[in-house]
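K.L.:
input09.cif is reproduced in full below (mmCIF, C-alpha atoms).
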data_input
loop_
_atom_site.label_atom_id
_atom_site.label_comp_id
_atom_site.auth_asym_id
_atom_site.auth_seq_id
_atom_site.Cartn_x
_atom_site.Cartn_y
_atom_site.Cartn_z
CA THR K 1 -2.85 -6.36 -9.93
CA MET K 2 -3.48 -3.38 -12.16
CA SER K 3 -0.94 -0.90 -13.45
CA GLN K 4 -0.71 2.51 -11.94
CA PHE K 5 -1.21 5.21 -14.54
CA PHE K 6 0.59 8.53 -14.46
CA TYR K 7 -0.43 11.25 -16.90
CA VAL K 8 2.75 13.26 -17.22
CA HIS K 9 3.17 16.48 -19.13
CA PRO K 10 5.51 15.82 -22.10
CA ASP K 11 7.36 19.16 -21.85
CA ASN K 12 7.15 19.93 -18.14
CA PRO K 13 6.96 16.63 -16.27
CA GLN K 14 5.34 17.07 -12.85
CA LYS K 15 8.02 16.45 -10.25
CA ARG K 16 5.58 14.81 -7.83
CA LEU K 17 4.50 12.19 -10.39
CA ILE K 18 8.10 11.50 -11.45
CA SER K 19 9.07 10.96 -7.78
CA GLN K 20 6.14 8.60 -7.23
CA ALA K 21 7.00 6.60 -10.35
CA CYS K 22 10.66 6.34 -9.32
CA GLU K 23 9.71 5.14 -5.85
CA LEU K 24 7.78 2.31 -7.47
CA ILE K 25 10.68 1.51 -9.83
CA ARG K 26 13.04 1.33 -6.83
CA ASP K 27 10.55 -1.07 -5.24
CA GLY K 28 10.79 -3.41 -8.24
CA ALA K 29 8.17 -2.03 -10.63
CA VAL K 30 8.33 -2.69 -14.37
CA VAL K 31 7.52 0.59 -16.09
CA VAL K 32 6.48 1.71 -19.54
CA TYR K 33 7.68 5.23 -20.25
CA PRO K 34 7.99 7.57 -23.23
CA THR K 35 11.28 8.20 -25.03
CA ASP K 36 12.21 10.14 -28.15
CA SER K 37 11.50 7.07 -30.27
CA GLY K 38 8.37 5.59 -28.85
CA TYR K 39 7.47 3.98 -25.55
CA ALA K 40 10.01 1.78 -23.83
CA ILE K 41 9.69 -0.85 -21.12
CA GLY K 42 12.17 -0.72 -18.28
CA CYS K 43 13.13 -1.58 -14.73
CA GLN K 44 15.87 -0.98 -12.22
CA MET K 45 19.24 -2.19 -13.43
CA GLU K 46 20.05 -4.45 -10.47
CA ASP K 47 16.56 -5.92 -10.09
CA LYS K 48 16.63 -9.55 -11.21
CA LYS K 49 12.95 -10.21 -10.50
CA ALA K 50 11.81 -7.14 -12.43
CA LEU K 51 14.04 -8.14 -15.35
CA GLU K 52 12.44 -11.61 -15.41
CA GLN K 53 8.98 -10.01 -15.44
CA LEU K 54 10.03 -7.73 -18.30
CA CYS K 55 11.36 -10.71 -20.31
CA ARG K 56 8.08 -12.57 -19.73
CA ILE K 57 6.03 -9.62 -20.98
CA ARG K 58 8.17 -9.23 -24.10
CA GLN K 59 8.75 -12.99 -24.47
CA ILE K 60 12.46 -12.49 -24.91
CA ASP K 61 15.32 -14.51 -23.47
CA LYS K 62 18.57 -13.63 -21.76
CA ASP K 63 20.42 -13.33 -25.07
CA HIS K 64 18.36 -10.28 -25.95
CA ASN K 65 20.40 -7.10 -26.45
CA PHE K 66 19.39 -4.90 -23.57
CA THR K 67 19.91 -1.17 -23.38
CA LEU K 68 20.83 1.11 -20.52
CA MET K 69 19.10 4.46 -20.78
CA CYS K 70 21.61 7.04 -19.49
CA ARG K 71 21.19 10.72 -18.76
CA ASP K 72 24.53 11.97 -20.07
CA MET K 73 28.03 11.16 -21.26
CA SER K 74 29.56 10.92 -17.80
CA GLU K 75 27.02 8.30 -16.76
CA LEU K 76 27.48 6.49 -20.07
CA SER K 77 31.24 6.31 -19.42
CA ILE K 78 30.70 4.48 -16.13
CA TYR K 79 28.90 1.59 -17.81
CA ALA K 80 30.60 1.38 -21.21
CA LYS K 81 34.21 1.40 -22.37
CA VAL K 82 34.58 4.40 -24.63
CA ASP K 83 37.81 5.52 -26.27
CA ASN K 84 38.38 9.16 -27.25
CA THR K 85 37.18 8.82 -30.84
CA ALA K 86 34.02 6.97 -29.87
CA PHE K 87 33.42 9.43 -27.03
CA ARG K 88 33.53 12.37 -29.44
CA GLN K 89 31.25 10.70 -31.98
CA ILE K 90 28.72 9.68 -29.34
CA LYS K 91 28.81 13.10 -27.67
CA ASN K 92 28.10 14.81 -30.99
CA ASN K 93 25.02 12.64 -31.50
CA THR K 94 23.45 12.59 -28.04
CA PRO K 95 20.84 13.02 -26.87
CA GLY K 96 19.16 11.52 -29.91
CA HIS K 97 17.78 8.62 -31.89
CA TYR K 98 20.74 6.28 -31.49
CA THR K 99 21.55 3.20 -29.48
CA PHE K 100 25.29 2.59 -29.16
CA VAL K 101 26.61 -0.93 -28.70
CA LEU K 102 29.76 -0.80 -26.57
CA LYS K 103 31.86 -3.13 -24.45
CA ALA K 104 30.33 -3.21 -20.97
CA THR K 105 32.31 -2.24 -17.89
CA ARG K 106 32.17 -4.19 -14.60
CA GLU K 107 29.42 -1.85 -13.44
CA VAL K 108 26.93 -3.54 -15.78
CA PRO K 109 25.25 -6.57 -14.21
CA LYS K 110 26.35 -9.73 -16.06
CA ARG K 111 22.78 -10.71 -16.91
CA LEU K 112 22.32 -7.50 -18.92
CA GLN K 113 25.43 -8.00 -21.05
CA ASN K 114 25.38 -9.86 -24.32
CA PRO K 115 26.67 -13.25 -23.09
CA LYS K 116 29.07 -13.82 -25.99
CA ARG K 117 30.28 -10.33 -26.73
CA LYS K 118 30.07 -8.76 -23.25
CA THR K 119 28.46 -5.71 -24.80
CA ILE K 120 25.66 -3.41 -23.71
CA GLY K 121 23.43 -1.02 -25.62
CA ILE K 122 23.55 2.54 -24.36
CA ARG K 123 21.28 5.41 -25.19
CA VAL K 124 20.73 9.01 -24.12
CA PRO K 125 17.11 9.91 -24.89
CA ASP K 126 15.95 13.31 -26.10
CA ASN K 127 12.74 13.27 -24.11
CA ALA K 128 11.83 15.39 -21.07
CA ILE K 129 9.96 12.62 -19.23
CA ALA K 130 12.69 10.01 -19.75
CA MET K 131 15.29 12.56 -18.63
CA ALA K 132 13.30 13.48 -15.53
CA LEU K 133 13.04 9.80 -14.56
CA LEU K 134 16.77 9.25 -15.06
CA GLU K 135 17.66 12.34 -13.03
CA GLU K 136 15.39 11.26 -10.21
CA ILE K 137 16.49 7.62 -10.15
CA GLY K 138 20.15 8.60 -10.30
CA GLU K 139 21.31 5.66 -12.43
CA PRO K 140 20.53 4.17 -15.85
CA LEU K 141 17.23 2.43 -16.46
CA MET K 142 17.42 -1.08 -17.88
CA THR K 143 15.36 -0.76 -21.04
CA SER K 144 13.93 -2.60 -24.00
CA SER K 145 11.68 -1.40 -26.82
CA LEU K 146 7.98 -2.13 -26.36
CA ILE K 147 7.51 -4.58 -29.22
CA MET K 148 5.08 -7.31 -28.32
CA PRO K 149 5.51 -10.95 -29.44
CA GLY K 150 4.50 -11.32 -33.09
CA ASP K 151 4.28 -7.57 -33.70
CA GLU K 152 6.41 -5.68 -36.21
CA LEU K 153 6.01 -2.27 -34.62
CA PRO K 154 6.22 -1.21 -31.00
CA LEU K 155 3.07 -0.23 -29.12
CA SER K 156 2.81 3.54 -29.42
CA ASP K 157 -0.60 4.54 -28.13
CA PRO K 158 -0.92 4.80 -24.34
CA TYR K 159 -4.49 3.45 -24.56
CA ASP K 160 -3.31 0.35 -26.45
CA ILE K 161 -0.52 -0.09 -23.95
CA ARG K 162 -3.03 0.08 -21.13
CA ALA K 163 -5.48 -2.31 -22.80
CA THR K 164 -2.77 -4.84 -23.67
CA LEU K 165 -0.59 -4.75 -20.60
CA GLU K 166 -2.40 -3.33 -17.60
CA HIS K 167 -2.42 -6.68 -15.80
CA GLN K 168 1.26 -7.39 -16.42
CA LEU K 169 2.81 -3.99 -15.82
CA ASP K 170 3.23 -2.05 -12.61
CA VAL K 171 3.50 1.49 -13.92
CA VAL K 172 2.56 3.20 -17.17
CA ILE K 173 3.70 6.76 -17.72
CA ASP K 174 1.48 8.34 -20.31
CA GLY K 175 3.27 11.19 -22.03
CA GLY K 176 0.99 11.26 -25.07
CA PHE K 177 2.06 10.17 -28.53
CA CYS K 178 5.84 10.05 -28.95
CA GLY K 179 6.28 8.22 -32.25
CA PHE K 180 7.18 4.61 -32.81
CA GLU K 181 10.25 4.65 -35.00
CA ALA K 182 13.16 2.61 -33.73
CA THR K 183 16.55 4.10 -32.95
CA THR K 184 19.49 3.58 -35.26
CA VAL K 185 21.82 1.03 -33.65
CA VAL K 186 25.51 1.85 -34.00
CA ASP K 187 28.01 -0.84 -33.07
CA MET K 188 31.06 0.96 -31.67
CA THR K 189 33.01 -2.14 -30.61
CA GLY K 190 35.18 -2.43 -33.73
CA ASP K 191 37.72 -0.11 -35.33
CA VAL K 192 35.02 1.74 -37.24
CA PRO K 193 31.37 2.27 -36.29
CA GLU K 194 28.97 -0.17 -37.93
CA ILE K 195 25.28 0.44 -38.47
CA ALA K 196 23.62 -2.65 -36.99
CA ARG K 197 20.07 -1.35 -37.54
CA GLN K 198 18.92 1.61 -39.56
CA GLY K 199 16.28 3.50 -37.63
CA VAL K 200 15.25 7.10 -37.34
CA GLY K 201 18.75 8.42 -36.50
CA ASP K 202 20.81 9.64 -39.47
CA ALA K 203 23.46 6.96 -40.09
CA SER K 204 25.64 9.24 -42.21
CA ALA K 205 26.92 10.81 -38.98
CA PHE K 206 28.89 7.58 -38.51
CA ALA K 207 29.97 6.92 -42.08
CA GLU K 208 33.68 7.12 -42.71
#
Would you mind writing the file's structure down as structure tokens?

P.N.:
Amino acid sequence: TMSQFFYVHPDNPQKRLISQACELIRDGAVVVYPTDSGYAIGCQMEDKKALEQLCRIRQIDKDHNFTLMCRDMSELSIYAKVDNTAFRQIKNNTPGHYTFVLKATREVPKRLQNPKRKTIGIRVPDNAIAMALLEEIGEPLMTSSLIMPGDELPLSDPYDIRATLEHQLDVVIDGGFCGFEATTVVDMTGDVPEIARQGVGDASAFAE
């Protein structure tokens, strides 16, 4: 099978295309879509088969740290345990270039949690297309960055993505170039936030 391609306007995503893409995601599609730090690969949170397909494409195993892409703080709070301090710090820095590692709630499927730590990555993207998808689908998207086996950097050009993955993916949403810098990963599970990966987000926001 070949991927379906949607050319979506980066600032004013066409509602019709977003709806069509979300219908496919609900039917089990693995999707590549733009975020505020490059393209991401995702699928429906509860879809075991789609998750397996995604792991095959990325050649990652179940111990990979997955991320839930959320549309806002209230959705984030359903899937992650957030105390008042963490809530304030996250709220002040979302949407944006951060992935927050938090203890998962029962709402997060077991297979998406870090098996040892029972954590989940959570992120609120600052990107109109990603936001439109999340609004339409009405729940977080299970997401991973689009770094292919052996590569240092994620795929960032929609044409490369198409050439490399069109036989393995179901849907590619082309929103033009959206950078390729990784998010800054902030581990919020301890007493103080820890920077687990320095990316494009300013880490000083979380320094004591």

K.L.:
If the PyMOL selection byres ((chain K and resi 199) around 10) is run on the structure shown, which residues does it catch, given as a list in words?

P.N.:
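Written out, the selection comes to Ser37, His97, Tyr98, Thr99, Glu181, Ala182, Thr183, Thr184, Val185, Ile195, Ala196, Arg197, Gln198, Val200, Gly201, Asp202 and Ala203 of chain K.
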
K.L.:
Residues as selected, C-alpha atoms, written as a PDB file, in the coordinates of the input, can you do that?

P.N.:
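Result went into part-v1.pdb, see below:
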ATOM      1  CA  SER K  37      11.500   7.070 -30.270  1.00  0.00           C
ATOM      2  CA  HIS K  97      17.780   8.620 -31.890  1.00  0.00           C
ATOM      3  CA  TYR K  98      20.740   6.280 -31.490  1.00  0.00           C
ATOM      4  CA  THR K  99      21.550   3.200 -29.480  1.00  0.00           C
ATOM      5  CA  GLU K 181      10.250   4.650 -35.000  1.00  0.00           C
ATOM      6  CA  ALA K 182      13.160   2.610 -33.730  1.00  0.00           C
ATOM      7  CA  THR K 183      16.550   4.100 -32.950  1.00  0.00           C
ATOM      8  CA  THR K 184      19.490   3.580 -35.260  1.00  0.00           C
ATOM      9  CA  VAL K 185      21.820   1.030 -33.650  1.00  0.00           C
ATOM     10  CA  ILE K 195      25.280   0.440 -38.470  1.00  0.00           C
ATOM     11  CA  ALA K 196      23.620  -2.650 -36.990  1.00  0.00           C
ATOM     12  CA  ARG K 197      20.070  -1.350 -37.540  1.00  0.00           C
ATOM     13  CA  GLN K 198      18.920   1.610 -39.560  1.00  0.00           C
ATOM     14  CA  VAL K 200      15.250   7.100 -37.340  1.00  0.00           C
ATOM     15  CA  GLY K 201      18.750   8.420 -36.500  1.00  0.00           C
ATOM     16  CA  ASP K 202      20.810   9.640 -39.470  1.00  0.00           C
ATOM     17  CA  ALA K 203      23.460   6.960 -40.090  1.00  0.00           C
TER      18      ALA K 203
END

K.L.:
From the set K:Glu52, K:Asn65, K:Cys70, K:Gln20, which residue has the shortest atom-to-atom contact distance to Gly138 (chain K), counting only C-alpha atoms?

P.N.:
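Closest residue, counting only C-alpha atoms: K:Cys70.
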
K.L.:
Find the residues near region 116-122 of chain K: any atom within 12 Å, counting only C-alpha atoms, skip ones fewer than 6 places away on the same chain, and give them as a PDB file with C-alpha atoms, in the frame of the given file.

P.N.:
ATOM      1  CA  LYS K  62      18.570 -13.630 -21.760  1.00  0.00           C
ATOM      2  CA  ASP K  63      20.420 -13.330 -25.070  1.00  0.00           C
ATOM      3  CA  HIS K  64      18.360 -10.280 -25.950  1.00  0.00           C
ATOM      4  CA  ASN K  65      20.400  -7.100 -26.450  1.00  0.00           C
ATOM      5  CA  PHE K  66      19.390  -4.900 -23.570  1.00  0.00           C
ATOM      6  CA  THR K  67      19.910  -1.170 -23.380  1.00  0.00           C
ATOM      7  CA  LEU K  68      20.830   1.110 -20.520  1.00  0.00           C
ATOM      8  CA  MET K  69      19.100   4.460 -20.780  1.00  0.00           C
ATOM      9  CA  CYS K  70      21.610   7.040 -19.490  1.00  0.00           C
ATOM     10  CA  ARG K  71      21.190  10.720 -18.760  1.00  0.00           C
ATOM     11  CA  ASP K  72      24.530  11.970 -20.070  1.00  0.00           C
ATOM     12  CA  MET K  73      28.030  11.160 -21.260  1.00  0.00           C
ATOM     13  CA  GLU K  75      27.020   8.300 -16.760  1.00  0.00           C
ATOM     14  CA  LEU K  76      27.480   6.490 -20.070  1.00  0.00           C
ATOM     15  CA  SER K  77      31.240   6.310 -19.420  1.00  0.00           C
ATOM     16  CA  ILE K  78      30.700   4.480 -16.130  1.00  0.00           C
ATOM     17  CA  TYR K  79      28.900   1.590 -17.810  1.00  0.00           C
ATOM     18  CA  ALA K  80      30.600   1.380 -21.210  1.00  0.00           C
ATOM     19  CA  LYS K  81      34.210   1.400 -22.370  1.00  0.00           C
ATOM     20  CA  VAL K  82      34.580   4.400 -24.630  1.00  0.00           C
ATOM     21  CA  ILE K  90      28.720   9.680 -29.340  1.00  0.00           C
ATOM     22  CA  THR K  94      23.450  12.590 -28.040  1.00  0.00           C
ATOM     23  CA  PRO K  95      20.840  13.020 -26.870  1.00  0.00           C
ATOM     24  CA  GLY K  96      19.160  11.520 -29.910  1.00  0.00           C
ATOM     25  CA  HIS K  97      17.780   8.620 -31.890  1.00  0.00           C
ATOM     26  CA  TYR K  98      20.740   6.280 -31.490  1.00  0.00           C
ATOM     27  CA  THR K  99      21.550   3.200 -29.480  1.00  0.00           C
ATOM     28  CA  PHE K 100      25.290   2.590 -29.160  1.00  0.00           C
ATOM     29  CA  VAL K 101      26.610  -0.930 -28.700  1.00  0.00           C
ATOM     30  CA  LEU K 102      29.760  -0.800 -26.570  1.00  0.00           C
ATOM     31  CA  LYS K 103      31.860  -3.130 -24.450  1.00  0.00           C
ATOM     32  CA  ALA K 104      30.330  -3.210 -20.970  1.00  0.00           C
ATOM     33  CA  THR K 105      32.310  -2.240 -17.890  1.00  0.00           C
ATOM     34  CA  ARG K 106      32.170  -4.190 -14.600  1.00  0.00           C
ATOM     35  CA  GLU K 107      29.420  -1.850 -13.440  1.00  0.00           C
ATOM     36  CA  VAL K 108      26.930  -3.540 -15.780  1.00  0.00           C
ATOM     37  CA  PRO K 109      25.250  -6.570 -14.210  1.00  0.00           C
ATOM     38  CA  LYS K 110      26.350  -9.730 -16.060  1.00  0.00           C
ATOM     39  CA  PRO K 140      20.530   4.170 -15.850  1.00  0.00           C
ATOM     40  CA  LEU K 141      17.230   2.430 -16.460  1.00  0.00           C
ATOM     41  CA  MET K 142      17.420  -1.080 -17.880  1.00  0.00           C
ATOM     42  CA  THR K 143      15.360  -0.760 -21.040  1.00  0.00           C
ATOM     43  CA  SER K 144      13.930  -2.600 -24.000  1.00  0.00           C
ATOM     44  CA  SER K 145      11.680  -1.400 -26.820  1.00  0.00           C
ATOM     45  CA  THR K 183      16.550   4.100 -32.950  1.00  0.00           C
ATOM     46  CA  THR K 184      19.490   3.580 -35.260  1.00  0.00           C
ATOM     47  CA  VAL K 185      21.820   1.030 -33.650  1.00  0.00           C
ATOM     48  CA  VAL K 186      25.510   1.850 -34.000  1.00  0.00           C
ATOM     49  CA  ASP K 187      28.010  -0.840 -33.070  1.00  0.00           C
ATOM     50  CA  MET K 188      31.060   0.960 -31.670  1.00  0.00           C
ATOM     51  CA  THR K 189      33.010  -2.140 -30.610  1.00  0.00           C
ATOM     52  CA  GLY K 190      35.180  -2.430 -33.730  1.00  0.00           C
ATOM     53  CA  ALA K 196      23.620  -2.650 -36.990  1.00  0.00           C
TER      54      ALA K 196
END

K.L.:
Smallest atom-to-atom distance to Lys48 (chain K): which of K:His167, K:His9, K:Arg162, K:Arg111, using all atoms listed in the file?

P.N.:
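Of all the options, K:Arg111 lies closest to Lys48 (chain K).
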
K.L.:
Name every residue that the PyMOL selection byres ((chain K and resi 39) around 9) selects in this structure, writing the answer as a ChimeraX atom specification with chains first and numbers rising.

P.N.:
/K:32-38,40-41,145-146,154-158,177-180

K.L.:
When distances are computed from all atoms listed in the file, which of K:Glu135, K:Lys49, K:Leu54, K:Glu23 shows the smallest separation from Leu165 (chain K)?

P.N.:
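So, comparing all the options, the nearest one is K:Leu54.
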
K.L.:
How many Å separate CA of Glu136 (chain K) from CA of Arg123 (chain K)?

P.N.:
17.1 Å

K.L.:
For CA of Val192 (chain K) and CA of Met45 (chain K), determine how far apart the two atoms are, in Å to one decimal place.

P.N.:
28.8 Å

K.L.:
One number please: CA of Leu51 (chain K) to CA of Val30 (chain K), in Å, one decimal.

P.N.:
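CA of Val30 (chain K) lies at a distance of 8.0 Å from CA of Leu51 (chain K).
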
K.L.:
Which residues, named as in the file, does the PyMOL selection byres ((chain K and resi 128) around 10) pick out? Answer as a compact mmCIF listing (two decimals) with C-alpha atoms, keeping the file's coordinate frame.

P.N.:
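Written output follows (selection38.txt):
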# COMPACT_ATOMS: atom_id res chain seq x y z
CA HIS K 9 3.17 16.48 -19.13
CA PRO K 10 5.51 15.82 -22.10
CA ASP K 11 7.36 19.16 -21.85
CA ASN K 12 7.15 19.93 -18.14
CA PRO K 13 6.96 16.63 -16.27
CA PRO K 34 7.99 7.57 -23.23
CA THR K 35 11.28 8.20 -25.03
CA ASP K 36 12.21 10.14 -28.15
CA PRO K 125 17.11 9.91 -24.89
CA ASP K 126 15.95 13.31 -26.10
CA ASN K 127 12.74 13.27 -24.11
CA ILE K 129 9.96 12.62 -19.23
CA ALA K 130 12.69 10.01 -19.75
CA MET K 131 15.29 12.56 -18.63
CA ALA K 132 13.30 13.48 -15.53
CA LEU K 133 13.04 9.80 -14.56
CA LEU K 134 16.77 9.25 -15.06
CA GLY K 175 3.27 11.19 -22.03

K.L.:
From the options K:Gly176, K:Gly28, K:Pro149, K:Gly42, which residue's atoms come nearest to Phe6 (chain K), counting all atoms listed in the file?

P.N.:
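Smallest separation from Phe6 (chain K) among the options: K:Gly176.
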